[in-house]
Amino acid sequence: MKTAIHPKYIEAKIKCACGAIYETRTTAGDISVEICSNCHPFFTGKSKILDTAGRVDKFKKKYKMK
């Protein structure tokens, strides 16, 4: 391998908006994210259906679901 051409692989902290902090290693340095596995609705099981313009009701009415 050639020397002095590879980026530095340093320790970094990934900070989420919910307050969770993950420690890892990366070439980019510290990273801030808006959503992580602690607060994402898919992973927490708290997902909600956002019904804009009555699409869910329209679907249920179309297929006669209660």
# chains A, B, ... in the order shown; residues from 1 in each chain; ligands from 1

$ residues_around --residues "Arg25 of chain A" --least-positions-apart "4" --cutoff "9 Å" --atoms "only C-alpha atoms" --output "list in words"
Tyr9, Ile10, Glu11, Ala12, Lys13 and Gly29 of chain A

$ write_last_selection --atoms "C-alpha atoms" --output "tab-separated table (two decimals), in the first residue's frame"
chain	number	residue	atom	x	y	z
A	9	TYR	CA	-9.69	6.79	10.33
A	10	ILE	CA	-10.58	8.48	13.61
A	11	GLU	CA	-13.02	7.98	16.47
A	12	ALA	CA	-16.26	9.90	16.02
A	13	LYS	CA	-19.53	10.51	17.83
A	29	GLY	CA	-15.44	13.05	12.05

$ select_by_dssp --residues "chain A" --states "alpha helix (DSSP H)" --output "PDB file with C-alpha atoms, in the first residue's frame"
ATOM      1  CA  PRO A  41     -41.093   5.033  14.305  1.00  0.00           C
ATOM      2  CA  PHE A  42     -40.330   1.875  12.312  1.00  0.00           C
ATOM      3  CA  PHE A  43     -37.868   0.542  14.869  1.00  0.00           C
ATOM      4  CA  THR A  44     -39.771   1.685  17.974  1.00  0.00           C
ATOM      5  CA  ARG A  55     -56.690   8.796   1.726  1.00  0.00           C
ATOM      6  CA  VAL A  56     -56.975   6.029   4.330  1.00  0.00           C
ATOM      7  CA  ASP A  57     -60.757   6.439   4.592  1.00  0.00           C
ATOM      8  CA  LYS A  58     -61.026   6.535   0.809  1.00  0.00           C
ATOM      9  CA  PHE A  59     -59.035   3.277   0.564  1.00  0.00           C
ATOM     10  CA  LYS A  60     -61.158   1.568   3.234  1.00  0.00           C
ATOM     11  CA  LYS A  61     -64.384   2.753   1.574  1.00  0.00           C
ATOM     12  CA  LYS A  62     -63.194   1.571  -1.838  1.00  0.00           C
TER      13      LYS A  62
END

$ atom_distance --atom1 "atom CA of Thr26 of chain A" --atom2 "atom CA of Gly45 of chain A"
29.6 Å

$ atom_distance --atom1 "atom CA of His6 of chain A" --atom2 "atom CA of Ile21 of chain A"
27.0 Å

$ select_by_dssp --residues "chain A" --states "strand (DSSP E or B)" --output "number ranges by chain"
A: 10-16, 21-26, 31-33

$ atom_distance --atom1 "atom CA of Thr24 of chain A" --atom2 "atom CA of Cys39 of chain A"
18.9 Å

$ residues_around --residues "Cys16 of chain A" --least-positions-apart "4" --cutoff "7 Å" --atoms "only C-alpha atoms" --output "PyMOL selection string"
chain A and resi 20-21+32-36

$ write_last_selection --atoms "N, CA and C atoms" --output "PDB file, in the first residue's frame"
ATOM      1  N   ALA A  20     -29.551  10.666  21.706  1.00  0.00           N
ATOM      2  CA  ALA A  20     -28.739   9.448  21.678  1.00  0.00           C
ATOM      3  C   ALA A  20     -27.373   9.750  21.060  1.00  0.00           C
ATOM      4  N   ILE A  21     -26.349   9.159  21.644  1.00  0.00           N
ATOM      5  CA  ILE A  21     -24.990   9.341  21.132  1.00  0.00           C
ATOM      6  C   ILE A  21     -24.382   7.966  20.880  1.00  0.00           C
ATOM      7  N   SER A  32     -23.958  14.740  13.037  1.00  0.00           N
ATOM      8  CA  SER A  32     -25.243  14.995  13.680  1.00  0.00           C
ATOM      9  C   SER A  32     -26.348  14.510  12.744  1.00  0.00           C
ATOM     10  N   VAL A  33     -27.295  13.733  13.300  1.00  0.00           N
ATOM     11  CA  VAL A  33     -28.400  13.217  12.504  1.00  0.00           C
ATOM     12  C   VAL A  33     -29.720  13.632  13.140  1.00  0.00           C
ATOM     13  N   GLU A  34     -30.781  13.637  12.359  1.00  0.00           N
ATOM     14  CA  GLU A  34     -32.097  14.035  12.847  1.00  0.00           C
ATOM     15  C   GLU A  34     -32.863  12.871  13.460  1.00  0.00           C
ATOM     16  N   ILE A  35     -32.605  11.664  12.988  1.00  0.00           N
ATOM     17  CA  ILE A  35     -33.370  10.505  13.448  1.00  0.00           C
ATOM     18  C   ILE A  35     -32.454   9.289  13.486  1.00  0.00           C
ATOM     19  N   CYS A  36     -32.650   8.447  14.502  1.00  0.00           N
ATOM     20  CA  CYS A  36     -31.816   7.252  14.661  1.00  0.00           C
ATOM     21  C   CYS A  36     -32.711   6.056  14.983  1.00  0.00           C
TER      22      CYS A  36
END
